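Next comes target_33.cif, a file with mmCIF, C-alpha atoms.
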```cif
data_start
#
loop_
_atom_site.label_atom_id
_atom_site.label_comp_id
_atom_site.auth_asym_id
_atom_site.auth_seq_id
_atom_site.Cartn_x
_atom_site.Cartn_y
_atom_site.Cartn_z
CA MET O 279 19.53 119.32 57.55
CA PRO O 280 17.57 116.09 57.13
CA SER O 281 14.60 115.78 59.43
CA CYS O 282 14.89 112.02 59.84
CA TRP O 283 17.16 109.15 58.94
CA LEU O 284 15.07 106.18 57.97
CA GLU O 285 15.64 103.23 55.66
CA ALA O 286 16.38 103.97 52.03
CA GLY O 287 13.23 104.10 50.03
CA GLU O 288 11.00 105.26 52.86
CA LYS O 289 10.06 108.88 52.47
CA GLN O 290 8.41 110.18 55.58
CA PHE O 291 8.43 113.61 57.09
CA MET O 292 8.66 113.59 60.84
CA GLY O 293 7.31 116.32 63.03
CA PRO O 294 9.20 119.46 64.08
CA GLU O 295 10.11 117.87 67.43
CA ILE O 296 12.59 115.53 65.64
CA ALA O 297 14.22 118.49 63.91
CA HIS O 298 14.46 120.31 67.24
CA GLN O 299 16.03 117.27 68.97
CA THR O 300 18.55 116.90 66.13
CA ALA O 301 19.51 120.58 66.36
CA GLU O 302 19.98 120.25 70.14
CA LYS O 303 22.23 117.20 69.70
CA LEU O 304 24.31 119.02 67.08
CA LYS O 305 24.68 121.97 69.47
CA VAL O 306 25.92 119.64 72.27
CA ILE O 307 28.38 117.98 69.86
CA LYS O 308 29.78 121.36 68.74
CA GLU O 309 30.22 122.51 72.35
CA GLY O 310 32.04 119.26 73.19
CA MET O 311 34.36 119.67 70.19
CA LEU O 312 35.18 123.28 71.16
CA ALA O 313 35.96 122.19 74.74
CA ALA O 314 38.25 119.42 73.44
CA GLN O 315 40.06 121.88 71.15
CA LYS O 316 40.62 124.27 74.07
CA ARG O 317 42.04 121.43 76.22
CA GLN O 318 44.40 120.33 73.42
CA LYS O 319 45.57 123.91 72.81
CA ARG O 320 46.21 124.45 76.53
CA CYS O 321 48.31 121.25 76.70
CA ALA O 322 50.23 122.13 73.52
CA ASP O 323 50.92 125.68 74.70
CA LYS O 324 52.57 124.36 77.87
CA LYS O 325 55.35 122.83 75.75
CA ARG O 326 55.73 125.80 73.40
CA GLN O 327 58.14 128.57 74.22
CA PRO O 328 58.34 131.83 72.31
CA MET O 329 61.40 131.85 70.08
CA THR O 330 63.03 135.22 69.53
CA PHE O 331 66.45 135.91 68.12
CA GLY O 332 68.37 139.12 67.71
CA VAL O 333 69.94 140.43 64.53
CA GLY O 334 73.51 139.18 64.37
CA ASP O 335 72.89 136.02 66.43
CA LEU O 336 74.34 132.74 65.21
CA VAL O 337 71.74 130.05 64.56
CA LEU O 338 71.55 126.53 63.18
CA LEU O 339 69.11 125.55 60.47
CA LYS O 340 67.04 122.36 60.85
CA VAL O 341 66.87 120.27 57.69
CA SER O 342 64.73 117.26 56.96
CA PRO O 343 66.56 114.03 56.12
CA SER O 344 63.70 112.91 53.89
CA LYS O 345 64.12 115.84 51.49
CA GLY O 346 67.48 114.52 50.28
CA LEU O 347 69.15 117.82 49.49
CA ILE O 348 72.34 117.01 47.62
CA ARG O 349 73.83 120.33 48.69
CA LEU O 350 74.09 119.06 52.27
CA ARG O 351 76.66 116.40 51.38
CA LYS O 352 74.64 113.32 52.44
CA GLN O 353 71.21 111.98 51.68
CA GLY O 354 68.77 109.89 53.65
CA LYS O 355 69.14 109.04 57.29
CA LEU O 356 72.84 109.92 57.42
CA SER O 357 72.25 113.53 56.40
CA PRO O 358 72.80 116.17 59.08
CA ARG O 359 69.81 117.33 61.11
CA LEU O 360 71.30 120.77 61.79
CA ILE O 361 73.56 122.82 59.54
CA GLY O 362 75.28 126.10 60.13
CA PRO O 363 75.99 128.28 62.02
CA PHE O 364 74.47 131.14 60.05
CA LYS O 365 74.19 134.79 60.96
CA LEU O 366 70.72 136.36 61.32
CA LEU O 367 70.40 139.35 59.02
CA GLN O 368 66.87 140.55 59.70
CA ARG O 369 63.59 139.71 61.40
CA ILE O 370 60.63 139.51 59.03
CA GLY O 371 57.31 139.78 60.82
CA ASN O 372 56.74 137.82 64.03
CA GLN O 373 57.70 134.35 62.82
CA ALA O 374 60.34 134.59 60.06
CA TYR O 375 64.03 135.44 59.84
CA LYS O 376 66.42 136.14 57.00
CA LEU O 377 69.76 134.30 57.24
CA GLU O 378 73.16 134.84 55.66
CA LEU O 379 73.68 131.49 53.93
CA SER O 380 76.96 130.03 52.69
CA GLU O 381 77.90 129.64 49.01
CA GLU O 382 77.02 125.93 48.96
CA LEU O 383 73.40 126.84 49.79
CA GLU O 384 73.09 129.63 47.25
CA GLY O 385 70.07 128.08 45.49
CA ILE O 386 67.96 128.05 48.67
CA HIS O 387 65.80 131.01 49.68
CA ASN O 388 67.30 132.75 52.71
CA THR O 389 64.07 133.41 54.68
CA PHE O 390 63.02 130.74 57.19
CA TYR O 391 60.15 130.21 59.62
CA VAL O 392 61.14 130.31 63.28
CA CYS O 393 60.51 126.57 63.85
CA TYR O 394 63.38 125.73 61.44
CA ILE O 395 65.89 127.78 63.42
CA THR O 396 67.74 126.72 66.58
CA LYS O 397 70.00 128.84 68.75
CA PHE O 398 73.66 128.02 68.10
CA THR O 399 75.51 126.71 71.14
CA ARG O 400 78.94 125.13 71.43
CA GLU O 401 77.37 121.83 72.59
CA VAL O 402 76.00 121.12 69.11
CA LEU O 403 79.30 121.96 67.44
CA ASP O 404 80.14 118.28 66.84
CA VAL O 405 77.08 117.97 64.57
CA ILE O 406 78.59 120.42 62.10
CA GLU O 407 82.32 119.70 62.50
CA GLU O 408 84.41 119.89 59.38
CA PRO O 409 87.00 117.18 58.71
CA LYS O 410 90.54 118.02 59.83
CA MET O 411 92.66 115.30 58.26
CA ILE O 412 92.66 112.00 56.41
CA VAL O 413 93.68 109.16 58.71
CA ASP O 414 93.40 106.16 56.40
CA ARG O 415 92.27 105.17 52.89
CA LYS O 416 90.81 102.02 51.40
CA THR O 417 89.03 100.86 48.26
CA LYS O 418 85.81 98.90 48.54
CA LYS O 419 84.03 96.99 45.80
CA LEU O 420 80.31 97.76 45.64
CA GLN O 421 78.49 95.54 43.14
CA CYS O 422 80.26 96.44 39.88
CA LYS O 423 82.26 99.55 40.80
CA MET O 424 85.14 100.43 43.07
CA VAL O 425 84.64 103.20 45.64
CA GLU O 426 87.49 104.96 47.41
CA LEU O 427 86.80 105.50 51.09
CA MET O 428 88.68 107.74 53.49
CA LEU O 429 88.79 107.62 57.26
CA MET O 430 88.28 111.23 58.33
CA ARG O 431 89.11 112.83 61.66
CA ARG O 432 86.90 115.80 62.55
CA LYS O 433 88.14 118.94 64.30
CA HIS O 434 87.99 118.89 68.12
CA MET O 435 86.98 115.22 68.23
CA SER O 436 88.80 112.27 69.75
CA MET O 437 90.31 109.45 67.70
CA SER O 438 87.37 107.19 68.61
CA ASN O 439 85.00 109.38 66.57
CA LEU O 440 86.36 108.72 63.10
CA THR O 441 84.07 108.34 60.09
CA TRP O 442 84.47 106.69 56.70
CA GLU O 443 83.54 109.04 53.85
CA THR O 444 83.70 108.64 50.08
CA LYS O 445 86.55 110.39 48.33
CA ASP O 446 84.23 112.04 45.79
CA ASP O 447 82.12 113.65 48.53
CA MET O 448 85.18 114.91 50.37
CA MET O 449 86.80 116.26 47.18
CA SER O 450 83.66 118.23 46.27
CA CYS O 451 83.02 119.63 49.77
CA TYR O 452 86.54 120.02 51.17
CA PRO O 453 89.07 120.43 48.35
CA HIS O 454 91.62 122.03 50.71
CA LEU O 455 92.26 118.59 52.29
CA PHE O 456 93.55 117.31 48.94
CA ALA O 457 95.83 120.25 48.08
CA ASP O 458 98.93 118.34 49.21
CA ALA O 459 98.05 115.02 47.52
#
```
Encoding of this model in structure tokens:
Amino acid sequence: MPSCWLEAGEKQFMGPEIAHQTAEKLKVIKEGMLAAQKRQKRCADKKRQPMTFGVGDLVLLKVSPSKGLIRLRKQGKLSPRLIGPFKLLQRIGNQAYKLELSEELEGIHNTFYVCYITKFTREVLDVIEEPKMIVDRKTKKLQCKMVELMLMRRKHMSMSNLTWETKDDMMSCYPHLFADA
């Protein structure tokens, strides 16, 4: 610990009282930082709730839109925030769970930290709805290529909640919709 902070070039040794004052100030600073950390932890703990799930429960998996996983059908800000539902196979330690993933997610490790898991409820079902039928088709020119778009109706949704999807994405994810065509 330096005994004094003077101008560059000046080399002077100050008495032990300066070193003692500096040590006292450092002690006060450390105590203040510990008190601030305790306050922040207390405020953060008020919002946290312990998350526990039972084996066999259905859960949704949170995914980040910035990762751009191609397996999840869409990339960027249109990608789903929650996917699933998946069945919990086993609890690993206090904070991790092993899930039974679908075939389309076979390359992903099946153990997840508890913060990436959400309890499955019927209210979030519309987030993960599969398409039910093709309502309309159109071809759109994008720069120098033609893209086939399909107006898809999702299961259990009203006619006002229709979405335009590309034919290639729908063919790769839901081939059963094109069995008749």
Selection result of the PyMOL selection byres ((chain O and resi 336) around 12) on this file, as a PyMOL selection string: chain O and resi 331-335+337-339+361-367+375-379+395-400
Just say which residues the PyMOL selection byres ((chain O and resi 372) around 10) picks in this file, as a PyMOL selection string. chain O and resi 329-330+369-371+373-375+391-392
Limited to C-alpha atoms, could you put the picked residues into a file as an mmCIF file, in the frame of the given file?
```cif
data_model
loop_
_atom_site.group_PDB
_atom_site.id
_atom_site.type_symbol
_atom_site.label_atom_id
_atom_site.label_comp_id
_atom_site.auth_asym_id
_atom_site.auth_seq_id
_atom_site.Cartn_x
_atom_site.Cartn_y
_atom_site.Cartn_z
ATOM 1 C CA MET O 329 61.400 131.850 70.080
ATOM 2 C CA THR O 330 63.030 135.220 69.530
ATOM 3 C CA ARG O 369 63.590 139.710 61.400
ATOM 4 C CA ILE O 370 60.630 139.510 59.030
ATOM 5 C CA GLY O 371 57.310 139.780 60.820
ATOM 6 C CA GLN O 373 57.700 134.350 62.820
ATOM 7 C CA ALA O 374 60.340 134.590 60.060
ATOM 8 C CA TYR O 375 64.030 135.440 59.840
ATOM 9 C CA TYR O 391 60.150 130.210 59.620
ATOM 10 C CA VAL O 392 61.140 130.310 63.280
#
```
Between CA of Glu382 in chain O and CA of Ser450 in chain O, measure the distance and give it in Å to one decimal. 10.5 Å
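Residues captured in this structure file are O:Arg351, O:Lys352, O:Pro409, O:Asp414, O:Arg415, O:Val425, O:Glu426, O:Leu427, O:Met428, O:Leu429, O:Met430, O:Leu440, O:Thr441, O:Met449, O:Ser450, O:Cys451, O:Tyr452, O:Pro453, O:Leu455, O:Phe456, according to the PyMOL selection byres ((chain O and resi 442-448) around 9).
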Calculate how many Å separate CA of Gly310 in chain O from CA of His298 in chain O, rounding to one decimal. 18.6 Å
Work out how far CA of Val413 in chain O is from CA of Arg432 in chain O, in Å to one decimal. 10.2 Å
Around all the atoms of range 425-434 of chain O listed in the file, with 6 Å of room on each side, what axis-aligned box do you get, giving centre and edge lengths in Å to one decimal, as JSON?
```
{"center_x": 86.9, "center_y": 111.1, "center_z": 56.9, "size_x": 16.5, "size_y": 27.7, "size_z": 34.5}
```
